[in-house]
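Chemist: Got a structure for you, final-v4.txt, holding compact mmCIF, C-alpha atoms.
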```txt
# COMPACT_ATOMS: atom_id res chain seq x y z
CA MET A 1 13.56 43.53 75.98
CA ALA A 2 13.99 46.98 74.52
CA THR A 3 14.80 49.84 76.87
CA GLY A 4 11.74 51.84 75.94
CA SER A 5 9.89 52.56 72.72
CA LEU A 6 12.30 51.64 69.93
CA ALA A 7 11.47 52.29 66.31
CA LYS A 8 12.22 49.51 63.85
CA GLY A 9 15.68 49.72 62.35
CA THR A 10 16.98 52.12 64.98
CA ASN A 11 20.18 51.78 67.01
CA VAL A 12 19.93 52.98 70.58
CA GLU A 13 22.98 53.43 72.81
CA LEU A 14 22.49 54.47 76.41
CA GLU A 15 25.53 55.69 78.35
CA PRO A 16 25.54 56.24 81.26
CA LEU A 17 22.71 53.84 82.00
CA SER A 18 19.70 54.93 83.99
CA VAL A 19 19.00 53.25 87.34
CA ASP A 20 15.95 51.45 85.91
CA VAL A 21 17.90 50.10 82.93
CA ARG A 22 20.77 48.95 85.17
CA ILE A 23 18.35 47.12 87.47
CA ARG A 24 16.58 45.44 84.55
CA LEU A 25 19.87 44.41 82.95
CA CYS A 26 21.26 43.03 86.20
CA GLU A 27 18.11 41.01 86.87
CA ARG A 28 18.05 39.65 83.32
CA LEU A 29 21.75 38.82 83.12
CA GLN A 30 22.01 37.55 86.67
CA HIS A 31 19.88 34.54 85.76
CA CYS A 32 21.89 33.93 82.59
CA PHE A 33 25.24 34.07 84.40
CA ASP A 34 23.88 31.80 87.12
CA LEU A 35 22.92 29.23 84.47
CA MET A 36 26.32 29.56 82.83
CA LEU A 37 28.23 29.13 86.09
CA GLU A 38 26.05 26.17 87.08
CA ALA A 39 26.67 24.47 83.74
CA VAL A 40 30.41 25.16 83.83
CA ASP A 41 30.72 23.98 87.43
CA TYR A 42 28.94 20.76 86.49
CA ARG A 43 30.99 20.18 83.32
CA VAL A 44 34.38 21.72 84.16
CA ASP A 45 36.10 18.33 84.48
CA VAL A 46 35.35 17.46 80.85
CA LEU A 47 36.12 20.86 79.35
CA LYS A 48 39.25 21.33 77.28
CA GLU A 49 40.96 24.60 76.49
CA HIS A 50 40.30 26.09 73.03
CA GLU A 51 37.53 23.60 72.27
CA VAL A 52 33.83 24.35 71.78
CA ARG A 53 31.66 21.86 73.66
CA HIS A 54 27.89 21.35 73.38
CA PHE A 55 25.78 20.27 76.37
CA ASN A 56 22.10 19.84 77.06
CA LEU A 57 21.02 21.82 80.11
CA ILE A 58 19.48 19.07 82.21
CA PRO A 59 17.71 19.33 84.61
CA VAL A 60 17.65 23.09 83.99
CA ALA A 61 14.74 23.68 81.61
CA ASP A 62 15.17 27.37 80.81
CA TYR A 63 17.42 26.68 77.83
CA GLN A 64 17.85 23.46 75.91
CA LEU A 65 21.45 23.85 74.81
CA ILE A 66 24.64 25.51 75.98
CA ARG A 67 27.87 25.88 74.03
CA ILE A 68 30.97 26.42 76.16
CA TYR A 69 34.38 27.63 75.01
CA VAL A 70 37.19 28.25 77.50
CA SER A 71 40.70 29.51 76.79
CA ASP A 72 42.04 29.21 80.34
CA ILE A 73 40.54 26.48 82.55
CA GLU A 74 42.57 27.52 85.60
CA LYS A 75 41.17 31.06 85.50
CA LEU A 76 37.70 29.61 85.12
CA ARG A 77 38.28 27.47 88.22
CA GLN A 78 39.36 30.63 90.06
CA LEU A 79 36.10 32.28 88.99
CA LEU A 80 34.03 29.31 90.22
CA GLY A 81 35.98 29.31 93.48
CA GLY A 82 35.34 32.99 94.09
CA THR A 83 39.04 33.92 93.97
CA SER A 84 39.05 35.60 90.55
CA SER A 85 39.62 39.32 90.17
CA THR A 86 36.94 41.50 88.57
CA LEU A 87 36.38 40.48 84.96
CA ALA A 88 34.92 42.33 81.99
CA TYR A 89 31.93 40.87 80.15
CA VAL A 90 30.00 41.33 76.94
CA SER A 91 26.48 39.92 76.67
CA PHE A 92 24.23 39.47 73.66
CA ILE A 93 20.51 38.67 73.90
CA GLY A 94 18.88 38.00 70.56
CA HIS A 95 15.60 36.78 69.12
CA HIS A 96 16.54 34.70 66.12
CA ARG A 97 14.29 34.03 63.16
CA GLU A 98 12.66 30.71 62.36
CA GLY A 99 14.88 28.20 60.57
CA VAL A 100 18.26 29.80 61.31
CA MET A 101 19.59 27.57 64.10
CA ASP A 102 22.71 26.77 62.07
CA ALA A 103 23.28 30.46 61.50
CA VAL A 104 23.18 31.10 65.25
CA GLU A 105 25.96 28.58 65.80
CA ALA A 106 27.90 30.10 62.91
CA THR A 107 27.56 33.48 64.62
CA ASP A 108 28.96 31.95 67.79
CA ARG A 109 32.00 30.64 65.97
CA ALA A 110 32.56 33.94 64.17
CA LEU A 111 32.52 35.82 67.47
CA ILE A 112 34.95 33.38 69.09
CA GLY A 113 37.24 33.86 66.13
CA ALA A 114 38.38 31.75 63.22
CA SER A 115 41.41 30.69 65.24
CA PRO A 116 40.30 30.24 68.88
CA LYS A 117 43.87 30.01 70.23
CA ASP A 118 44.44 33.57 69.00
CA SER A 119 41.26 34.82 70.66
CA PRO A 120 41.73 36.99 73.78
CA ILE A 121 38.54 35.78 75.46
CA LEU A 122 38.58 33.89 78.76
CA GLY A 123 35.28 32.10 78.22
CA TYR A 124 32.41 32.14 75.77
CA PHE A 125 28.98 30.74 76.61
CA SER A 126 25.98 30.47 74.31
CA LEU A 127 22.49 29.49 75.50
CA GLN A 128 19.58 28.62 73.23
CA ASP A 129 15.99 27.97 74.22
CA PRO A 130 13.07 26.55 72.19
CA ASP A 131 11.39 29.97 71.91
CA LEU A 132 13.94 31.43 69.47
CA GLU A 133 15.98 33.21 72.11
CA TRP A 134 19.78 33.24 71.99
CA ILE A 135 21.86 34.43 74.95
CA ASN A 136 25.57 34.86 74.67
CA LEU A 137 27.99 35.68 77.50
CA VAL A 138 31.67 36.44 76.94
CA LEU A 139 34.26 36.92 79.69
CA PHE A 140 37.54 38.84 79.46
CA ASP A 141 40.37 39.76 81.81
CA ASP A 142 39.72 43.50 81.35
CA MET A 143 38.13 46.15 79.13
CA GLU A 144 41.30 46.63 77.09
CA THR A 145 40.99 42.99 76.05
CA VAL A 146 37.35 43.59 75.09
CA GLU A 147 38.46 46.33 72.70
CA ARG A 148 41.04 44.04 71.08
CA TRP A 149 38.42 41.33 70.65
CA VAL A 150 35.93 43.73 69.07
CA LEU A 151 38.52 44.72 66.47
CA ALA A 152 39.63 41.12 65.84
CA THR A 153 36.10 39.78 65.30
CA LYS A 154 35.03 42.51 62.85
CA HIS A 155 31.88 43.44 64.75
CA LYS A 156 30.72 45.88 62.10
CA ASP A 157 30.44 43.02 59.62
CA ASP A 158 28.72 40.82 62.19
CA TRP A 159 26.16 43.53 62.98
CA ALA A 160 25.44 43.98 59.27
CA LYS A 161 24.82 40.25 58.79
CA ALA A 162 22.70 39.93 61.93
CA ALA A 163 19.55 41.33 60.30
CA SER A 164 19.26 38.12 58.28
CA TYR A 165 19.22 35.99 61.44
CA PHE A 166 17.73 38.09 64.23
CA SER A 167 14.73 40.34 64.77
CA GLU A 168 16.46 42.08 67.67
CA ILE A 169 19.81 42.01 69.47
CA GLU A 170 20.61 43.63 72.79
CA LYS A 171 24.29 43.97 73.69
CA SER A 172 25.67 45.11 77.02
CA ILE A 173 29.20 45.58 78.33
CA GLY A 174 30.28 45.77 81.95
CA TYR A 175 32.12 44.20 84.86
CA LEU A 176 31.53 40.98 86.79
CA THR A 177 32.64 39.66 90.16
CA TYR A 178 31.77 36.30 91.70
CA ASP A 179 32.34 35.37 95.35
CA GLY A 180 31.72 31.65 94.96
CA ALA A 181 28.02 32.00 95.72
CA ALA A 182 26.65 35.12 94.04
CA THR A 183 27.39 37.12 90.90
CA THR A 184 27.64 40.92 91.04
CA LEU A 185 27.24 42.75 87.73
CA ASP A 186 28.11 46.34 86.89
CA PRO A 187 26.72 47.09 83.38
CA MET A 188 28.34 50.11 81.74
CA ARG A 189 26.83 50.30 78.27
CA LEU A 190 23.80 49.00 76.40
CA VAL A 191 23.13 48.87 72.66
CA VAL A 192 19.81 47.62 71.25
CA ARG A 193 19.35 46.91 67.54
CA ASN A 194 15.88 46.26 66.23
CA TYR A 195 15.78 44.86 62.69
CA ASP A 196 12.81 45.49 60.41
CA ALA A 197 11.70 42.19 58.86
CA THR A 198 11.10 43.95 55.54
CA THR A 199 14.83 44.65 55.21
CA VAL A 200 15.79 40.97 55.39
```
Please express what this file holds, its structure, as structure tokens.
Modeler:
Amino acid sequence: MATGSLAKGTNVELEPLSVDVRIRLCERLQHCFDLMLEAVDYRVDVLKEHEVRHFNLIPVADYQLIRIYVSDIEKLRQLLGGTSSTLAYVSFIGHHREGVMDAVEATDRALIGASPKDSPILGYFSLQDPDLEWINLVLFDDMETVERWVLATKHKDDWAKAASYFSEIEKSIGYLTYDGAATTLDPMRLVVRNYDATTV
């Protein structure tokens, strides 16, 4: 998943993104957002605001589990209906280490925030597959809200702890539009962190 040859323990930030990186990111995230929107569309009638829900992704076999958190169901319905304005997103793609499934869920809850009702996110979606991959998609009204969320969730501390749980994390930030049938992504920034197993 790295954007080239990355040395262990290095942090790589690419901005602006090259055409090749943008294409790869869009292709990778397009599938993830499609899964998320399919799951939300299927489950939206049982979702409650400010509540984390767990669902098995059946019959979709790509990922076994999805966790869904929504702070504003009406805005989510607007997104599904294709009437939402452009939203900001943050995505995380991580390879987690053996035996840390509970830690992955704890990371989810830390990123949402200790008090979800105070969190500025619109929706938070976490996908896990049986091959130790963790994909996390977070939606916001705008980039200013992203910045507030980053400060509120103490990302520096989260990044420092991540080496114990993950061998690599790829984070991207950008914009998303959905017309009711197709997702259009505009990635603006990419950060890849590769953790050396010897430092764990």
Chemist: Select, from A:Ala162, A:Ala110, A:Val104, A:Ile93, the residue with the minimum atom-to-atom distance to Leu25 of chain A, counting all atoms listed in the file.
Modeler: A:Ile93
Chemist: With only C-alpha atoms as the counted atoms, please give the residues lying no more than 9 Å from Gly180 of chain A, apart from itself and same-chain residues fewer than 6 positions off, as a ChimeraX atom specification.
Modeler: /A:79-83
Chemist: Please indicate the distance in Å from atom CA of Ser71 of chain A to atom CA of Ile121 of chain A, rounded to one decimal place.
Modeler: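 If I compute the distance from atom CA of Ser71 of chain A to atom CA of Ile121 of chain A, I get 6.8 Å.
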Chemist: How many Å lie between atom CA of Leu139 of chain A and atom CA of Lys48 of chain A, rounded to one decimal?
Modeler: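 Atom-to-atom, atom CA of Leu139 of chain A and atom CA of Lys48 of chain A are spaced 16.5 Å apart.
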Chemist: When you draw a straight line from atom CA of His54 of chain A to atom CA of Arg67 of chain A, how long is it in Å?
Modeler: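 Atom CA of His54 of chain A sits 4.6 Å away from atom CA of Arg67 of chain A.
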Chemist: Please determine, counting all atoms listed in the file, which residue among A:Ala181, A:Leu111, A:Leu65, A:Val19 has the shortest atom-to-atom distance to Leu132 of chain A.
Modeler: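 Under the stated criterion, the closest residue is A:Leu65.
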Chemist: Given all atoms listed in the file as the basis, pick out the residue of A:Ile23, A:Leu29, A:Leu35, A:Arg97 nearest to Leu176 of chain A.
Modeler: A:Leu29
Chemist: Residues around (25.8, 49.7, 80.2), cut-off 12 Å, counting only C-alpha atoms - what are they as a PyMOL selection string?
Modeler: chain A and resi 3+12-26+29+88-91+170-175+185-192
Chemist: Pick out the residues sitting within 9 Å of Thr183 of chain A, and hand them over as an MDAnalysis selection string; count all atoms listed in the file, and ignore anything fewer than 4 positions along from it in its own chain.
Modeler: chainID A and resid 30 33:34 176:179
Chemist: Which polymer residues, whether protein, DNA or RNA, lie within 8 Å of the coordinate (35.3, 24.6, 70.7) when you count all atoms listed in the file? List them as a PyMOL selection string, using the chain letters and numbers from the file.
Modeler: chain A and resi 50-53+68-70+116
Chemist: Restricting it to C-alpha atoms, dump the selection as an mmCIF file, in the coordinates of the input.
Modeler:
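Final output, saved to result-v1.cif:
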```cif
data_model
loop_
_atom_site.group_PDB
_atom_site.id
_atom_site.type_symbol
_atom_site.label_atom_id
_atom_site.label_comp_id
_atom_site.auth_asym_id
_atom_site.auth_seq_id
_atom_site.Cartn_x
_atom_site.Cartn_y
_atom_site.Cartn_z
ATOM 1 C CA HIS A 50 40.300 26.090 73.030
ATOM 2 C CA GLU A 51 37.530 23.600 72.270
ATOM 3 C CA VAL A 52 33.830 24.350 71.780
ATOM 4 C CA ARG A 53 31.660 21.860 73.660
ATOM 5 C CA ILE A 68 30.970 26.420 76.160
ATOM 6 C CA TYR A 69 34.380 27.630 75.010
ATOM 7 C CA VAL A 70 37.190 28.250 77.500
ATOM 8 C CA PRO A 116 40.300 30.240 68.880
#
```
Chemist: With distances taken over only C-alpha atoms, which of A:Glu49, A:Glu105, A:Glu74, A:Asp41 is nearest to Trp134 of chain A?
Modeler: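 Using only C-alpha atoms, Trp134 of chain A sits closest to A:Glu105.
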Chemist: Using all atoms listed in the file for the distances, tell me which of A:Ser84, A:Ser126, A:Gln64, A:Asn56 is nearest to Asp141 of chain A.
Modeler: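 Among A:Ser84, A:Ser126, A:Gln64, A:Asn56, it is A:Ser84 that comes nearest to Asp141 of chain A.
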Chemist: Of the candidates A:Phe140, A:Leu37, A:Tyr165, A:Ala106, which one gets nearest to Leu122 of chain A if we count all atoms listed in the file?
Modeler: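 Of the candidates, the smallest distance to Leu122 of chain A is held by A:Phe140.
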Chemist: Padding of 6 Å on every side, edges along x, y and z, all listed atoms of segment 177-181 of chain A included: what centre and edge lengths in Å, to one decimal, does that box have, as lines of an AutoDock Vina configuration file?
Modeler:
```
center_x = 30.3
center_y = 35.7
center_z = 92.9
size_x = 16.6
size_y = 20.0
size_z = 17.6
```
Chemist: Please provide as a ChimeraX atom specification all residues within 9 Å of His95 of chain A, with the sequence filter that same-chain residues fewer than 6 positions apart are discarded (counting only C-alpha atoms).
Modeler: /A:131-135,165-169
